[in-house]
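The structure under discussion appears below in the form of structure tokens.
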Amino acid sequence: MRIEKNFSIFVMLALVLVFLCGAGNRPKEGDELIGQPAPEWDIRDWINSKPLQLNDLRGKVVLVRFWTAPGCPYCAAAAPALNEFYDKYHAQGLEVVGFYHHKSSESLRAEDVKHYAGKFGFKFPVAIDYDWKTLRNWWLDADERRWTSVSFLIDKEGIIRHIHPGGQYVKGDRDHIQLEAKIQQLLEESP
């Protein structure tokens with residue numbers, strides 16, 4: 001009886017150990033896109049910028065953030081980090097581009113997006129992805145995803161080098177530190 005009990009405990013501990021070891025080895029959501037060329041976008045309405053194409057930004061490091069408002073606490077929480085990165089690294093060659101994707105049941109109006117971008121303090125270009133075409137092309141069509149508020153870091157050659165697969169990053173947290181380190185690394189690379 002005691003042997004059976006000890007064996008049961010051993011099996012349970014072994015299963016927990018296998019689960020914990022395997023959990024750390026799973027690829028991060030979006031890893032299959034790392035090293036791929038970033039897709040172009042076709043956006044007609046822009047805030048804080050004339051219309052941009054990704055090719056216009058060759059030679060720069062580009063941080064693309066898909067966001068929405070109101071009702072996205074993760075987008076609101078990440079907004080200060082986006083502003084910080086833009087203010088700190090724009091002169092060194094970083095361009096931040098926000099893509100607004102509408103989730104509200106109310107009709108989408110460009111002036112509302114301008115209001116939200118202003119409320120978040122965004123000075124960088126903001127595109128309005130009316131029909132989620134860009135979001136689908138970049139993220140949702142590739143695989144089933146848990147988040148739509150995702151960030152891509154693109155190198156000077158237009159290659160996706162880092163993905164934050166959703167949610168938020170705030171100053172001092174692991175994701176923020178990792179993203180900032182990757183920005184610094186890409187800015188130092190030669191085109």
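Lettering and numbering for the structure tokens are positional, with chains as A, B, ... in the shown order, residues counted from 1 in each chain, and ligands counted from 1 in the shown order.
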Taking the DSSP secondary structure from the backbone, can you list the residues of stretch 5-191 of chain A that are helix (DSSP H, G or I), as a PyMOL selection string? chain A and resi 5-23+31-33+54-57+73-92+110-119+133-140+174-188
Write out as a PDB file with N, CA and C atoms, in the first residue's frame which residues come within 7 Å of stretch 157-168 of chain A when counting only C-alpha atoms, dropping same-chain ones fewer than 3 positions away.
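Okay, this is what ended up in result-v6.pdb:
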ATOM      1  N   GLU A  29       4.008  33.020 -29.291  1.00  0.00           N
ATOM      2  CA  GLU A  29       3.035  33.303 -30.342  1.00  0.00           C
ATOM      3  C   GLU A  29       3.625  34.309 -31.332  1.00  0.00           C
ATOM      4  N   GLY A  30       3.615  33.962 -32.600  1.00  0.00           N
ATOM      5  CA  GLY A  30       4.139  34.837 -33.638  1.00  0.00           C
ATOM      6  C   GLY A  30       5.564  34.538 -34.052  1.00  0.00           C
ATOM      7  N   LEU A  33       6.761  34.247 -37.649  1.00  0.00           N
ATOM      8  CA  LEU A  33       6.866  35.423 -38.520  1.00  0.00           C
ATOM      9  C   LEU A  33       8.223  36.115 -38.423  1.00  0.00           C
ATOM     10  N   ILE A  34       9.003  35.781 -37.395  1.00  0.00           N
ATOM     11  CA  ILE A  34      10.324  36.388 -37.220  1.00  0.00           C
ATOM     12  C   ILE A  34      11.199  36.009 -38.417  1.00  0.00           C
ATOM     13  N   GLY A  35      11.887  37.002 -38.971  1.00  0.00           N
ATOM     14  CA  GLY A  35      12.754  36.777 -40.121  1.00  0.00           C
ATOM     15  C   GLY A  35      12.054  36.928 -41.458  1.00  0.00           C
ATOM     16  N   GLN A  36      10.747  37.147 -41.437  1.00  0.00           N
ATOM     17  CA  GLN A  36       9.972  37.334 -42.669  1.00  0.00           C
ATOM     18  C   GLN A  36       9.921  38.820 -43.034  1.00  0.00           C
ATOM     19  N   PRO A  37       9.830  39.140 -44.324  1.00  0.00           N
ATOM     20  CA  PRO A  37       9.630  40.546 -44.703  1.00  0.00           C
ATOM     21  C   PRO A  37       8.282  41.038 -44.173  1.00  0.00           C
ATOM     22  N   ALA A  38       8.276  42.246 -43.647  1.00  0.00           N
ATOM     23  CA  ALA A  38       7.022  42.837 -43.172  1.00  0.00           C
ATOM     24  C   ALA A  38       6.145  43.153 -44.379  1.00  0.00           C
ATOM     25  N   ARG A  58      12.311  52.543 -45.155  1.00  0.00           N
ATOM     26  CA  ARG A  58      13.534  51.742 -45.280  1.00  0.00           C
ATOM     27  C   ARG A  58      14.706  52.538 -44.727  1.00  0.00           C
ATOM     28  N   GLY A  59      15.596  51.851 -44.045  1.00  0.00           N
ATOM     29  CA  GLY A  59      16.731  52.502 -43.415  1.00  0.00           C
ATOM     30  C   GLY A  59      16.441  52.923 -41.982  1.00  0.00           C
ATOM     31  N   TYR A  74      -5.238  47.425 -22.121  1.00  0.00           N
ATOM     32  CA  TYR A  74      -3.860  47.087 -22.489  1.00  0.00           C
ATOM     33  C   TYR A  74      -3.274  48.143 -23.425  1.00  0.00           C
ATOM     34  N   CYS A  75      -4.093  48.630 -24.343  1.00  0.00           N
ATOM     35  CA  CYS A  75      -3.641  49.680 -25.263  1.00  0.00           C
ATOM     36  C   CYS A  75      -3.333  50.952 -24.490  1.00  0.00           C
ATOM     37  N   ALA A  77      -2.509  51.147 -21.346  1.00  0.00           N
ATOM     38  CA  ALA A  77      -1.340  50.913 -20.498  1.00  0.00           C
ATOM     39  C   ALA A  77      -0.039  50.960 -21.294  1.00  0.00           C
ATOM     40  N   ALA A  78      -0.071  50.535 -22.565  1.00  0.00           N
ATOM     41  CA  ALA A  78       1.139  50.527 -23.397  1.00  0.00           C
ATOM     42  C   ALA A  78       1.431  51.890 -24.017  1.00  0.00           C
ATOM     43  N   TRP A 147      -4.652  37.805 -29.209  1.00  0.00           N
ATOM     44  CA  TRP A 147      -4.674  39.259 -29.086  1.00  0.00           C
ATOM     45  C   TRP A 147      -4.731  39.907 -30.463  1.00  0.00           C
ATOM     46  N   THR A 148      -5.328  41.088 -30.514  1.00  0.00           N
ATOM     47  CA  THR A 148      -5.220  41.911 -31.719  1.00  0.00           C
ATOM     48  C   THR A 148      -4.319  43.110 -31.466  1.00  0.00           C
ATOM     49  N   SER A 149      -4.055  43.444 -30.212  1.00  0.00           N
ATOM     50  CA  SER A 149      -3.153  44.556 -29.883  1.00  0.00           C
ATOM     51  C   SER A 149      -1.740  43.998 -29.811  1.00  0.00           C
ATOM     52  N   VAL A 150      -1.089  43.989 -30.948  1.00  0.00           N
ATOM     53  CA  VAL A 150       0.202  43.332 -31.123  1.00  0.00           C
ATOM     54  C   VAL A 150       1.221  44.359 -31.606  1.00  0.00           C
ATOM     55  N   SER A 151       2.497  44.118 -31.314  1.00  0.00           N
ATOM     56  CA  SER A 151       3.569  45.007 -31.760  1.00  0.00           C
ATOM     57  C   SER A 151       4.596  44.221 -32.567  1.00  0.00           C
ATOM     58  N   PHE A 152       5.071  44.849 -33.638  1.00  0.00           N
ATOM     59  CA  PHE A 152       6.113  44.284 -34.494  1.00  0.00           C
ATOM     60  C   PHE A 152       7.292  45.242 -34.507  1.00  0.00           C
ATOM     61  N   LEU A 153       8.489  44.714 -34.409  1.00  0.00           N
ATOM     62  CA  LEU A 153       9.695  45.514 -34.554  1.00  0.00           C
ATOM     63  C   LEU A 153      10.372  45.077 -35.848  1.00  0.00           C
ATOM     64  N   ILE A 154      10.549  46.036 -36.740  1.00  0.00           N
ATOM     65  CA  ILE A 154      11.047  45.770 -38.092  1.00  0.00           C
ATOM     66  C   ILE A 154      12.413  46.428 -38.242  1.00  0.00           C
ATOM     67  N   PRO A 191      22.555  49.134 -41.995  1.00  0.00           N
ATOM     68  CA  PRO A 191      21.534  48.673 -42.960  1.00  0.00           C
ATOM     69  C   PRO A 191      22.126  47.749 -44.009  1.00  0.00           C
TER      70      PRO A 191
END
When you count only C-alpha atoms, which of these residues is closest to A:Asp112: A:Leu135, A:Leu54, A:Leu94, A:Ile47?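 Smallest distance to A:Asp112 is found for A:Ile47.
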What is the atom CA of A:Ile183-atom CA of A:Ser49 distance in Å, reported with one decimal?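 Here the two named atoms are 22.0 Å from each other.
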Quick check for you: according to DSSP on this backbone, which residues of chain A are classed as strand (DSSP E)? Reply as a CSV table (one decimal) with N, CA and C atoms, in the first residue's frame.
chain,number,residue,atom,x,y,z
A,46,TRP,N,-4.6,58.9,-42.4
A,46,TRP,CA,-3.5,59.0,-41.4
A,46,TRP,C,-3.7,60.1,-40.5
A,47,ILE,N,-3.2,60.0,-39.3
A,47,ILE,CA,-3.2,61.1,-38.3
A,47,ILE,C,-1.7,61.3,-38.0
A,61,VAL,N,14.4,51.8,-38.2
A,61,VAL,CA,13.8,50.7,-37.4
A,61,VAL,C,12.4,51.2,-37.2
A,62,VAL,N,11.4,50.3,-37.4
A,62,VAL,CA,10.0,50.6,-37.3
A,62,VAL,C,9.3,49.8,-36.2
A,63,LEU,N,8.7,50.4,-35.3
A,63,LEU,CA,7.9,49.8,-34.3
A,63,LEU,C,6.4,50.0,-34.7
A,64,VAL,N,5.8,48.9,-35.1
A,64,VAL,CA,4.4,48.9,-35.5
A,64,VAL,C,3.5,48.4,-34.3
A,65,ARG,N,2.6,49.2,-33.9
A,65,ARG,CA,1.7,48.8,-32.8
A,65,ARG,C,0.2,48.9,-33.3
A,66,PHE,N,-0.5,47.7,-33.3
A,66,PHE,CA,-1.9,47.7,-33.5
A,66,PHE,C,-2.6,48.0,-32.2
A,67,TRP,N,-3.5,48.9,-32.2
A,67,TRP,CA,-4.2,49.3,-30.9
A,67,TRP,C,-5.6,49.7,-31.2
A,94,LEU,N,14.4,55.6,-35.1
A,94,LEU,CA,13.2,54.7,-34.8
A,94,LEU,C,12.0,55.5,-35.3
A,95,GLU,N,11.1,54.8,-36.0
A,95,GLU,CA,9.8,55.3,-36.3
A,95,GLU,C,8.7,54.4,-35.7
A,96,VAL,N,7.8,55.0,-35.0
A,96,VAL,CA,6.7,54.3,-34.4
A,96,VAL,C,5.5,54.6,-35.3
A,97,VAL,N,4.8,53.5,-35.6
A,97,VAL,CA,3.6,53.7,-36.4
A,97,VAL,C,2.5,52.9,-35.7
A,98,GLY,N,1.4,53.6,-35.4
A,98,GLY,CA,0.3,53.0,-34.7
A,98,GLY,C,-0.8,52.7,-35.8
A,99,PHE,N,-1.4,51.5,-35.6
A,99,PHE,CA,-2.5,51.1,-36.5
A,99,PHE,C,-3.7,51.0,-35.6
A,100,TYR,N,-4.7,51.9,-35.8
A,100,TYR,CA,-5.9,51.8,-35.1
A,100,TYR,C,-6.9,50.8,-35.8
A,126,VAL,N,-0.3,57.7,-37.1
A,126,VAL,CA,-1.3,56.7,-36.8
A,126,VAL,C,-2.1,56.4,-38.0
A,127,ALA,N,-2.2,55.2,-38.4
A,127,ALA,CA,-3.0,54.8,-39.6
A,127,ALA,C,-4.4,54.2,-39.1
A,128,ILE,N,-5.4,54.4,-39.8
A,128,ILE,CA,-6.7,53.9,-39.5
A,128,ILE,C,-7.0,52.7,-40.4
A,151,SER,N,2.5,44.1,-31.3
A,151,SER,CA,3.6,45.0,-31.8
A,151,SER,C,4.6,44.2,-32.6
A,152,PHE,N,5.1,44.8,-33.6
A,152,PHE,CA,6.1,44.3,-34.5
A,152,PHE,C,7.3,45.2,-34.5
A,153,LEU,N,8.5,44.7,-34.4
A,153,LEU,CA,9.7,45.5,-34.6
A,153,LEU,C,10.4,45.1,-35.8
A,154,ILE,N,10.5,46.0,-36.7
A,154,ILE,CA,11.0,45.8,-38.1
A,154,ILE,C,12.4,46.4,-38.2
A,160,ILE,N,10.9,41.5,-40.2
A,160,ILE,CA,10.3,41.4,-38.8
A,160,ILE,C,11.4,40.7,-37.9
A,161,ARG,N,11.8,41.4,-36.9
A,161,ARG,CA,12.8,40.9,-36.0
A,161,ARG,C,12.3,40.6,-34.6
A,162,HIS,N,11.2,41.2,-34.2
A,162,HIS,CA,10.7,40.9,-32.8
A,162,HIS,C,9.2,41.1,-32.9
A,163,ILE,N,8.5,40.3,-32.1
A,163,ILE,CA,7.0,40.5,-32.0
A,163,ILE,C,6.6,40.4,-30.5
A,164,HIS,N,5.9,41.4,-30.1
A,164,HIS,CA,5.3,41.3,-28.8
A,164,HIS,C,3.8,40.9,-29.1
